[in-house]
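Note: the block below is entry.txt and it holds compact mmCIF, C-alpha atoms.
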# COMPACT_ATOMS: atom_id res chain seq x y z
CA ASN Q 2 2.08 -33.82 -50.85
CA CYS Q 3 4.05 -32.48 -47.88
CA ARG Q 4 4.37 -34.15 -44.51
CA ILE Q 5 4.11 -31.83 -41.52
CA GLU Q 6 6.81 -32.53 -38.97
CA THR Q 7 6.24 -29.70 -36.51
CA ILE Q 8 3.65 -27.16 -35.52
CA GLU Q 9 4.67 -23.71 -34.35
CA LEU Q 10 2.95 -22.78 -31.07
CA ALA Q 11 3.23 -19.87 -28.71
CA GLU Q 12 5.84 -20.58 -26.05
CA GLU Q 13 3.34 -20.59 -23.19
CA VAL Q 14 0.95 -22.97 -24.97
CA ALA Q 15 3.76 -25.44 -25.53
CA LYS Q 16 4.72 -25.14 -21.87
CA PHE Q 17 1.09 -25.69 -20.83
CA ILE Q 18 0.85 -28.91 -22.85
CA GLY Q 19 4.15 -30.13 -21.45
CA GLU Q 20 3.04 -29.59 -17.86
CA LEU Q 21 -0.50 -30.93 -18.23
CA ALA Q 22 0.23 -34.18 -20.10
CA PRO Q 23 1.98 -36.01 -17.20
CA LEU Q 24 -1.03 -35.36 -14.94
CA PHE Q 25 -3.57 -37.41 -16.91
CA PRO Q 26 -2.86 -40.72 -15.09
CA GLU Q 27 -3.10 -39.10 -11.62
CA PRO Q 28 -6.04 -39.92 -9.30
CA ALA Q 29 -9.04 -37.61 -9.75
CA PHE Q 30 -8.41 -35.22 -6.86
CA ILE Q 31 -4.67 -34.91 -7.50
CA TYR Q 32 -5.35 -34.34 -11.20
CA TRP Q 33 -7.88 -31.62 -10.41
CA ASP Q 34 -5.51 -29.90 -7.97
CA LYS Q 35 -2.38 -30.01 -10.13
CA SER Q 36 -4.08 -29.30 -13.46
CA ASN Q 37 -5.80 -26.23 -12.02
CA ASN Q 38 -2.46 -24.98 -10.75
CA VAL Q 39 -1.08 -25.38 -14.27
CA LYS Q 40 -4.12 -23.65 -15.76
CA GLU Q 41 -3.96 -20.73 -13.32
CA ALA Q 42 -0.24 -20.28 -13.95
CA TYR Q 43 -0.90 -20.28 -17.70
CA ARG Q 44 -3.61 -17.65 -17.35
CA TYR Q 45 -1.37 -15.50 -15.17
CA ASN Q 46 1.56 -15.75 -17.58
CA THR Q 47 -0.61 -14.87 -20.60
CA ARG Q 48 -2.83 -12.22 -18.99
CA LEU Q 49 -1.08 -9.46 -20.95
CA GLY Q 50 -0.73 -11.52 -24.13
CA PHE Q 51 1.84 -13.89 -25.58
CA SER Q 52 5.53 -13.13 -25.73
CA GLY Q 53 5.65 -13.73 -29.46
CA ASN Q 54 8.30 -16.41 -29.06
CA GLU Q 55 7.63 -19.63 -30.93
CA ALA Q 56 8.31 -23.21 -29.92
CA ALA Q 57 8.53 -26.15 -32.31
CA VAL Q 58 6.47 -29.07 -31.00
CA PRO Q 59 6.79 -32.44 -32.77
CA VAL Q 60 3.50 -33.70 -34.20
CA GLU Q 61 4.03 -37.01 -32.36
CA LYS Q 62 4.02 -35.17 -29.03
CA LEU Q 63 0.74 -33.44 -29.87
CA ILE Q 64 -0.86 -36.71 -30.99
CA THR Q 65 0.21 -38.40 -27.73
CA PHE Q 66 -1.19 -35.47 -25.74
CA LEU Q 67 -4.54 -35.57 -27.57
CA ASN Q 68 -4.85 -39.36 -27.23
CA ASP Q 69 -4.18 -39.13 -23.48
CA ALA Q 70 -6.73 -36.32 -23.23
CA LEU Q 71 -9.33 -38.51 -24.95
CA LEU Q 72 -8.67 -41.32 -22.45
CA LYS Q 73 -9.22 -38.84 -19.62
CA ILE Q 74 -12.46 -37.58 -21.15
CA ASP Q 75 -13.71 -41.14 -21.74
CA ALA Q 76 -13.04 -41.96 -18.09
CA GLY Q 77 -15.14 -38.94 -17.10
CA LEU Q 78 -17.98 -40.00 -19.39
CA ARG Q 79 -18.04 -43.45 -17.79
CA LYS Q 80 -18.38 -41.80 -14.39
CA ALA Q 81 -21.25 -39.63 -15.68
CA PHE Q 82 -23.26 -42.65 -16.84
CA ASN Q 83 -26.10 -43.81 -14.59
CA ASN Q 84 -26.10 -47.57 -15.04
CA GLY Q 85 -29.44 -47.97 -13.30
CA GLN Q 86 -31.30 -45.63 -15.67
CA GLY Q 87 -29.02 -46.15 -18.67
CA ILE Q 88 -28.66 -42.40 -19.09
CA TYR Q 89 -26.03 -39.68 -18.66
CA TYR Q 90 -25.79 -36.93 -16.09
CA SER Q 91 -24.71 -33.63 -17.63
CA TYR Q 92 -23.64 -31.56 -14.62
CA PHE Q 93 -22.41 -32.07 -11.07
CA ILE Q 94 -22.16 -30.11 -7.84
CA ASN Q 95 -18.82 -30.62 -6.11
CA GLN Q 96 -18.91 -29.38 -2.53
CA VAL Q 97 -15.76 -28.93 -0.45
CA THR Q 98 -16.02 -31.08 2.67
CA GLU Q 99 -12.45 -30.72 3.99
CA TYR Q 100 -10.06 -27.81 3.57
CA ASP Q 101 -7.10 -25.94 5.02
CA LEU Q 102 -6.97 -22.22 5.73
CA PHE Q 103 -3.74 -20.36 5.03
CA LYS Q 104 -2.60 -16.75 4.78
CA GLU Q 105 -5.88 -15.81 6.52
CA HIS Q 106 -7.72 -15.32 3.24
CA TYR Q 107 -7.24 -18.51 1.26
CA VAL Q 108 -8.77 -21.96 1.28
CA ARG Q 109 -7.07 -25.10 -0.02
CA PRO Q 110 -9.65 -27.90 -0.64
CA LYS Q 111 -8.67 -31.36 0.56
CA LYS Q 112 -11.80 -33.33 -0.22
CA PHE Q 113 -15.02 -32.98 -2.24
CA SER Q 114 -18.50 -34.48 -2.08
CA GLN Q 115 -20.12 -34.88 -5.49
CA LYS Q 116 -23.83 -34.68 -6.30
CA PRO Q 117 -25.26 -35.04 -9.83
CA LEU Q 118 -27.77 -32.48 -11.02
CA PRO Q 119 -31.09 -33.68 -12.42
CA LEU Q 120 -31.06 -34.84 -16.02
CA PHE Q 121 -30.59 -32.44 -18.95
CA LEU Q 122 -31.68 -33.25 -22.51
CA GLU Q 123 -28.46 -31.72 -23.81
CA GLY Q 124 -26.42 -34.55 -22.29
CA GLN Q 125 -28.54 -37.21 -23.96
CA MET Q 126 -28.30 -35.43 -27.32
CA HIS Q 127 -24.50 -35.40 -27.16
CA ALA Q 128 -24.46 -39.02 -25.96
CA LEU Q 129 -26.52 -40.01 -29.01
CA ARG Q 130 -24.18 -38.08 -31.28
CA LEU Q 131 -21.15 -39.92 -29.86
CA SER Q 132 -22.74 -43.36 -29.53
CA LYS Q 133 -20.53 -46.03 -31.06
CA ASP Q 134 -23.23 -48.01 -32.85
CA PHE Q 135 -26.95 -48.42 -33.55
CA LYS Q 136 -27.50 -50.65 -30.52
CA GLN Q 137 -26.04 -48.17 -28.06
CA ALA Q 138 -27.99 -45.31 -29.65
CA ALA Q 139 -31.24 -47.30 -29.38
CA GLN Q 140 -30.59 -48.02 -25.69
CA LEU Q 141 -29.97 -44.33 -24.99
CA TYR Q 142 -33.19 -43.40 -26.78
CA LYS Q 143 -35.26 -45.89 -24.78
CA ALA Q 144 -33.72 -44.69 -21.53
CA ALA Q 145 -34.44 -41.03 -22.33
CA ARG Q 146 -38.07 -41.82 -23.12
CA LYS Q 147 -38.48 -43.58 -19.78
CA SER Q 148 -36.76 -40.76 -17.90
CA PRO Q 149 -38.25 -37.61 -16.31
CA LEU Q 150 -37.14 -35.72 -19.43
CA PHE Q 151 -40.13 -37.12 -21.33
CA ASP Q 152 -43.33 -35.12 -20.86
CA LYS Q 153 -46.00 -37.81 -20.87
CA LYS Q 154 -48.86 -35.35 -21.34
CA LEU Q 155 -47.40 -33.52 -24.34
CA LYS Q 156 -45.33 -36.49 -25.59
CA MET Q 157 -42.39 -34.14 -26.02
CA TYR Q 158 -38.96 -33.77 -24.41
CA LYS Q 159 -38.21 -31.27 -21.65
CA VAL Q 160 -34.89 -29.45 -21.53
CA THR Q 161 -34.38 -30.51 -17.89
CA ALA Q 162 -35.92 -32.77 -15.32
CA SER Q 163 -37.29 -31.11 -12.18
CA LEU Q 164 -34.81 -28.67 -10.59
CA GLU Q 165 -36.91 -28.13 -7.49
CA SER Q 166 -34.33 -29.67 -5.16
CA MET Q 167 -31.46 -27.63 -6.60
CA PRO Q 168 -29.98 -24.42 -5.12
CA GLU Q 169 -30.13 -21.19 -7.10
CA GLU Q 170 -26.34 -21.32 -7.41
CA ILE Q 171 -26.68 -23.71 -10.36
CA GLY Q 172 -27.65 -20.77 -12.56
CA ARG Q 173 -30.50 -18.92 -14.20
CA CYS Q 174 -32.47 -22.05 -15.16
CA ARG Q 175 -33.34 -22.55 -11.48
CA VAL Q 176 -35.05 -19.17 -11.00
CA PHE Q 177 -37.80 -19.75 -13.57
CA THR Q 178 -41.12 -21.39 -12.74
CA PRO Q 179 -41.03 -25.10 -13.65
CA GLY Q 180 -42.21 -25.56 -17.23
CA TRP Q 181 -41.12 -22.08 -18.25
CA LEU Q 182 -38.03 -21.02 -20.22
CA GLU Q 183 -34.90 -23.05 -19.34
CA ASN Q 184 -36.51 -24.75 -16.34
CA GLU Q 185 -38.23 -27.96 -17.43
CA SER Q 186 -39.88 -26.45 -20.54
CA ILE Q 187 -39.93 -27.88 -24.05
CA TRP Q 188 -36.88 -25.95 -25.24
CA LEU Q 189 -37.47 -26.31 -28.96
CA HIS Q 190 -33.89 -25.86 -30.15
CA MET Q 191 -32.62 -28.67 -27.91
CA GLU Q 192 -35.55 -30.97 -28.63
CA TYR Q 193 -34.97 -30.58 -32.38
CA LYS Q 194 -31.26 -31.28 -31.83
CA TYR Q 195 -32.25 -34.47 -30.04
CA ILE Q 196 -34.56 -35.86 -32.74
CA LEU Q 197 -32.02 -34.84 -35.40
CA GLU Q 198 -29.52 -37.17 -33.73
CA LEU Q 199 -32.09 -39.99 -33.86
CA LEU Q 200 -32.27 -39.53 -37.61
CA LYS Q 201 -28.49 -39.24 -38.07
CA LYS Q 202 -27.89 -42.41 -36.04
CA GLY Q 203 -30.29 -44.45 -38.14
CA LEU Q 204 -33.07 -44.64 -35.53
CA ILE Q 205 -35.57 -43.80 -38.25
CA GLU Q 206 -38.51 -45.81 -36.89
CA GLU Q 207 -37.98 -44.11 -33.53
CA PHE Q 208 -37.68 -40.71 -35.25
CA TYR Q 209 -41.04 -41.12 -36.97
CA SER Q 210 -42.66 -42.38 -33.76
CA GLU Q 211 -41.85 -38.92 -32.32
CA PHE Q 212 -42.45 -36.98 -35.55
CA LYS Q 213 -46.05 -35.78 -35.20
CA ASN Q 214 -45.75 -35.22 -31.45
CA VAL Q 215 -42.58 -33.12 -31.62
CA LEU Q 216 -42.57 -31.12 -34.86
CA ILE Q 217 -44.42 -27.80 -34.75
CA PRO Q 218 -46.36 -28.21 -38.05
CA PHE Q 219 -48.25 -31.10 -36.42
CA GLN Q 220 -49.19 -29.24 -33.22
CA ASP Q 221 -52.80 -28.42 -32.41
CA PRO Q 222 -53.01 -24.67 -33.26
CA GLN Q 223 -55.44 -24.07 -30.42
CA ARG Q 224 -53.06 -25.60 -27.88
CA TYR Q 225 -49.95 -24.11 -29.52
CA GLY Q 226 -51.50 -20.64 -29.38
CA ARG Q 227 -49.80 -19.32 -32.52
CA SER Q 228 -49.30 -20.20 -36.17
CA ILE Q 229 -47.96 -23.73 -36.64
CA LEU Q 230 -45.92 -22.34 -39.56
CA GLU Q 231 -43.54 -20.65 -37.12
CA ASN Q 232 -41.29 -22.00 -34.38
CA SER Q 233 -41.09 -20.85 -30.78
CA SER Q 234 -38.26 -20.47 -28.30
CA PHE Q 235 -40.03 -22.86 -25.96
CA LEU Q 236 -43.34 -24.59 -25.30
CA VAL Q 237 -44.78 -24.59 -21.81
CA SER Q 238 -44.50 -28.12 -20.44
CA SER Q 239 -46.94 -29.96 -18.20
CA ALA Q 240 -44.72 -29.04 -15.22
CA PHE Q 241 -46.11 -25.48 -15.34
CA PRO Q 242 -48.76 -24.72 -12.65
CA ASP Q 243 -51.31 -23.25 -15.10
CA LYS Q 244 -52.69 -26.19 -17.09
CA LYS Q 245 -54.29 -23.87 -19.66
CA LEU Q 246 -50.83 -22.94 -20.93
CA HIS Q 247 -49.51 -26.48 -21.39
CA GLY Q 248 -48.26 -26.80 -24.98
CA ASN Q 249 -48.38 -23.05 -25.66
CA GLY Q 250 -45.47 -21.68 -27.65
CA PHE Q 251 -43.58 -18.53 -26.62
CA VAL Q 252 -40.85 -16.51 -28.33
CA ALA Q 253 -38.48 -15.21 -25.66
CA ARG Q 254 -35.76 -14.71 -28.25
CA LEU Q 255 -34.74 -16.06 -31.64
CA SER Q 256 -34.74 -19.85 -31.81
CA GLY Q 257 -31.96 -21.93 -33.30
CA SER Q 258 -34.44 -24.72 -34.07
CA THR Q 259 -34.73 -23.60 -37.70
CA ALA Q 260 -31.17 -24.78 -38.43
CA GLU Q 261 -31.92 -28.22 -36.96
CA PHE Q 262 -35.20 -28.42 -38.87
CA LEU Q 263 -33.44 -27.68 -42.17
CA GLN Q 264 -30.94 -30.47 -41.54
CA ILE Q 265 -33.77 -32.84 -40.62
CA TRP Q 266 -35.52 -31.81 -43.85
CA LEU Q 267 -32.35 -32.43 -45.88
CA ILE Q 268 -31.75 -35.93 -44.47
CA MET Q 269 -35.40 -36.90 -44.91
CA ASN Q 270 -35.55 -35.75 -48.54
CA SER Q 271 -32.16 -36.43 -50.07
CA GLY Q 272 -29.92 -37.99 -47.43
CA ALA Q 273 -27.23 -36.18 -45.48
CA ARG Q 274 -24.64 -36.19 -48.30
CA PRO Q 275 -26.33 -36.60 -51.68
CA PHE Q 276 -23.24 -35.55 -53.63
CA ILE Q 277 -20.50 -38.19 -53.62
CA LEU Q 278 -17.34 -39.03 -55.56
CA ASP Q 279 -16.93 -42.19 -57.60
CA GLU Q 280 -13.80 -44.35 -57.68
CA ASN Q 281 -12.24 -41.95 -60.20
CA GLY Q 282 -12.90 -38.88 -58.07
CA ARG Q 283 -15.74 -37.62 -60.28
CA LEU Q 284 -18.90 -36.05 -58.90
CA ASN Q 285 -21.99 -38.28 -58.59
CA LEU Q 286 -25.42 -37.63 -57.07
CA ALA Q 287 -27.24 -40.28 -55.05
CA PHE Q 288 -30.59 -39.50 -53.45
CA ARG Q 289 -31.15 -41.55 -50.28
CA PRO Q 290 -34.50 -40.36 -48.89
CA LYS Q 291 -35.70 -41.35 -45.43
CA LEU Q 292 -39.43 -40.82 -45.96
CA ALA Q 293 -42.33 -42.56 -44.24
CA GLY Q 294 -44.96 -43.94 -46.60
CA TRP Q 295 -47.73 -41.78 -45.17
CA LEU Q 296 -45.91 -38.62 -46.32
CA PHE Q 297 -46.72 -39.46 -49.97
CA ASP Q 298 -50.02 -38.23 -51.39
CA LYS Q 299 -52.83 -40.54 -52.51
CA LYS Q 300 -51.16 -41.00 -55.90
CA GLY Q 301 -47.85 -41.82 -54.27
CA ALA Q 302 -46.12 -38.52 -55.09
CA TYR Q 303 -43.87 -36.41 -52.87
CA VAL Q 304 -42.24 -33.14 -54.01
CA PHE Q 305 -39.43 -31.00 -52.56
CA ASN Q 306 -37.05 -28.34 -53.88
CA PHE Q 307 -33.43 -29.44 -54.21
CA LEU Q 308 -30.66 -26.83 -54.08
CA GLY Q 309 -33.33 -24.20 -53.55
CA ARG Q 310 -34.82 -24.27 -57.03
CA ILE Q 311 -34.97 -27.76 -58.61
CA PRO Q 312 -38.32 -29.54 -58.03
CA VAL Q 313 -37.72 -33.21 -57.23
CA THR Q 314 -40.71 -35.55 -57.33
CA TYR Q 315 -40.60 -39.04 -55.86
CA TYR Q 316 -43.16 -41.43 -57.39
CA ASN Q 317 -43.91 -44.20 -54.91
CA PRO Q 318 -47.25 -45.76 -56.00
CA LYS Q 319 -47.32 -48.31 -53.18
CA ARG Q 320 -46.53 -45.55 -50.63
CA LYS Q 321 -43.86 -47.70 -49.02
CA ASN Q 322 -41.30 -46.39 -46.55
CA THR Q 323 -37.98 -45.50 -48.17
CA PHE Q 324 -36.09 -46.96 -45.21
CA GLY Q 325 -35.98 -50.17 -43.21
CA LYS Q 326 -37.10 -53.63 -44.29
CA ASP Q 327 -39.02 -53.83 -47.57
CA ALA Q 328 -38.09 -50.21 -48.34
CA ALA Q 329 -39.01 -48.69 -51.70
CA LYS Q 330 -35.95 -48.52 -53.95
CA ILE Q 331 -35.08 -46.04 -56.72
CA THR Q 332 -35.37 -47.73 -60.13
CA LYS Q 333 -35.37 -44.82 -62.60
CA ILE Q 334 -34.54 -41.11 -62.66
CA LEU Q 335 -35.58 -38.55 -65.29
CA LEU Q 336 -33.61 -35.31 -65.58
CA PHE Q 337 -35.23 -32.42 -67.44
CA ASP Q 338 -33.38 -29.62 -69.21
CA LYS Q 339 -34.29 -27.63 -72.31
CA LYS Q 340 -34.00 -30.78 -74.47
CA GLU Q 341 -35.55 -34.23 -74.14
CA PRO Q 342 -35.57 -35.72 -70.63
CA ILE Q 343 -32.46 -37.73 -69.79
CA GLU Q 344 -33.18 -41.16 -68.32
CA VAL Q 345 -30.91 -42.76 -65.72
CA ASN Q 346 -31.73 -46.40 -64.91
CA SER Q 347 -29.89 -46.35 -61.62
CA ALA Q 348 -30.19 -44.92 -58.13
CA THR Q 349 -27.08 -42.80 -58.78
CA ILE Q 350 -26.82 -39.90 -61.20
CA PRO Q 351 -23.32 -40.16 -62.71
CA HIS Q 352 -20.79 -37.60 -63.93
CA PRO Q 353 -21.25 -35.27 -65.82
CA LEU Q 354 -25.02 -35.17 -65.16
CA ALA Q 355 -24.43 -34.69 -61.44
CA GLU Q 356 -22.44 -31.56 -62.22
CA LYS Q 357 -25.31 -30.25 -64.36
CA VAL Q 358 -27.63 -30.69 -61.39
CA ARG Q 359 -25.26 -28.95 -58.99
CA SER Q 360 -24.81 -26.03 -61.39
CA ARG Q 361 -28.62 -25.89 -61.69
CA GLN Q 362 -28.70 -26.59 -65.42
CA ILE Q 363 -31.42 -29.18 -64.73
CA SER Q 364 -34.91 -27.71 -64.29
CA LYS Q 365 -36.71 -30.73 -62.80
CA ILE Q 366 -36.01 -34.26 -61.54
CA ASP Q 367 -38.50 -37.16 -61.42
CA ILE Q 368 -37.52 -40.22 -59.38
CA TYR Q 369 -39.41 -43.52 -59.57
CA LEU Q 370 -39.45 -46.04 -56.73
CA GLU Q 371 -40.70 -49.60 -56.39
Step by step, read the file and then write its structure as structure tokens.
Amino acid sequence: NCRIETIELAEEVAKFIGELAPLFPEPAFIYWDKSNNVKEAYRYNTRLGFSGNEAAVPVEKLITFLNDALLKIDAGLRKAFNNGQGIYYSYFINQVTEYDLFKEHYVRPKKFSQKPLPLFLEGQMHALRLSKDFKQAAQLYKAARKSPLFDKKLKMYKVTASLESMPEEIGRCRVFTPGWLENESIWLHMEYKYILELLKKGLIEEFYSEFKNVLIPFQDPQRYGRSILENSSFLVSSAFPDKKLHGNGFVARLSGSTAEFLQIWLIMNSGARPFILDENGRLNLAFRPKLAGWLFDKKGAYVFNFLGRIPVTYYNPKRKNTFGKDAAKITKILLFDKKEPIEVNSATIPHPLAEKVRSRQISKIDIYLE
């Protein structure tokens, strides 16, 4: 119930904000030059730590600063967009073309020449995440599938397009053989991040069109070269010279793809946020599955564990999709505890039953769809 009027910041941070804010409207080169001077001065002044002095900065000043910073970032994103391909560049090489020498050892750049690096899947993943609506997300997806990031042979997404024309100065990804590790391979963590964003943005038809091609459980074990019950760091893409290795999975180090897979699994089975609050602030539970009809067995059943221990069974006799047009809808829910099953004739489990589920006092849930 309190309204914050000021935020206490270290003296140098407050000074940094005050000096940087007026530079946002400057032309690109002047902004780069002046803002780097401010940044270097800040680093020099704080190299041994902060003074300990505090400065009161009005919240309004911080909000203005952050809004101006967002405008600057948005302007940069517009520059990074390739209108011809409908896709975003992620990185750029800026080469100094004019400069002054002074004090015998220093160079002051006067002009740059900019060259975009080949496409990176990471940029398209973040663009999807930040897309303003379904239409924009769908356009980004179509552009990525038409781009060199899509491996037509494997029907999977490479972490980069070809880096063959790039100098080694761009970093370690350039030194690997194409199709191996960070150079044009199927970097599983990033590919899973990408298809997760399809699901989160509501591109569910598109997500399932990639589903069997991308997810490891659906890989051909002979081609994958290892158990399809375990992820890899990367899969060798069709850019690799040895065709016999295309689609093989390798573990160079631990993969973060498991975290993305678990979130994909959660959204598919229950929806991203199954627990919600009603108009009175009480806990409710609403399952919103995003399941394709073919995932249900011949009898129309699909089972998963909710909260780690509660079996939830969807009964979908017509095996309809639970998303899109003509989606199967929840008509009845049965909650089982030690007594008689509790019937809920709604798609939402109300308070206090939702709390019983969350505290794991319910042993099983059956959900019926039509």
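Between Q:Phe235 and the candidates Q:Gln220, Q:Asn54, Q:Ser166, Q:Ser256, the tightest atom-to-atom separation, counting only C-alpha atoms, involves Q:Ser256.
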**Study point:** Non-local contacts of stretch 262-271 of chain Q (7 Å; all atoms listed in the file; under 5 positions in same chain excluded) as a ChimeraX atom specification
**Key:** /Q:193,197,288-292
Point to revise | Close residues, Q:Asn346 itself excluded, 7 Å, all atoms listed in the file, min 5 positions apart in chain, as a PyMOL selection string | key: chain Q and resi 332-334
Keeping C-alpha atoms, export the residues of the selection given above as a compact mmCIF listing (two decimals), in the frame of the given file.
# COMPACT_ATOMS: atom_id res chain seq x y z
CA THR Q 332 -35.37 -47.73 -60.13
CA LYS Q 333 -35.37 -44.82 -62.60
CA ILE Q 334 -34.54 -41.11 -62.66
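Reported to one decimal place, the separation of atom CA of Q:Ile94 from atom CA of Q:Glu41 is 21.2 Å.
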Check your understanding: What does the distance between atom CA of Q:Tyr316 and atom CA of Q:Ile196 come to in Å, to one decimal place?
Key ->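 If I compute the distance from atom CA of Q:Tyr316 to atom CA of Q:Ile196, I get 26.7 Å.
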Exercise for review: Determine the nearest neighbour of Q:Leu286 from the options Q:Lys321, Q:His352, Q:Lys244, Q:Arg227, counting only C-alpha atoms.
Suggested key: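 So, comparing all the options, the nearest one is Q:His352.
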**Study point:** Point-to-point distance from atom CA of Q:Gly250 to atom CA of Q:Asn232, Å rounded to tenths
**Key:**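 Computed distance, atom CA of Q:Gly250 to atom CA of Q:Asn232, equals 7.9 Å.
For the choices Q:Gly85, Q:Asp279, Q:Phe66, Q:Arg44, the atom-to-atom distance to Q:Leu21 is smallest for Q:Phe66 when using only C-alpha atoms.
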Exercise for review: Determine, counting only C-alpha atoms, every residue of protein, DNA or RNA that lies within 12 Å of (0.0, -20.4, -26.4) in the file coordinates, then give the result as a VMD selection string.
Suggested key: chain Q and resid 8 to 19 40 43 to 44 46 to 48 50 to 58
Point to revise | Nearest residue to Q:Thr178 from the set Q:Ser239, Q:His190, Q:Leu200, Q:Ala138 (distances using only C-alpha atoms) | key: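 Closest to Q:Thr178 of all the choices is Q:Ser239.
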Point to revise | For Q:Ala293: contacts at 12 Å, only C-alpha atoms, fewer than 5 positions along chain excluded, given as JSON, numbers by chain | key: {"Q": [205, 206, 207, 208, 209, 210, 212, 213, 269, 270, 298, 301, 303, 317, 319, 320, 321, 322, 323, 324, 325, 328, 329]}
Point to revise | Selection: 9 Å around Q:Ala253, all atoms listed in the file, excl. self and same-chain fewer than 4 positions, as a PyMOL selection string | key: chain Q and resi 182+233-235
**Study point:** Q:Phe241, Q:Tyr369, Q:Phe103, Q:Phe337 ranked by distance to Q:Lys357, top pick (using only C-alpha atoms)
**Key:**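 The answer is Q:Phe337, which sits nearest to Q:Lys357.
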Check your understanding: Using all atoms listed in the file, which of Q:Pro353, Q:Gly248, Q:Pro312, Q:Pro149 sits nearest Q:Ile368?
Key -> Q:Pro312
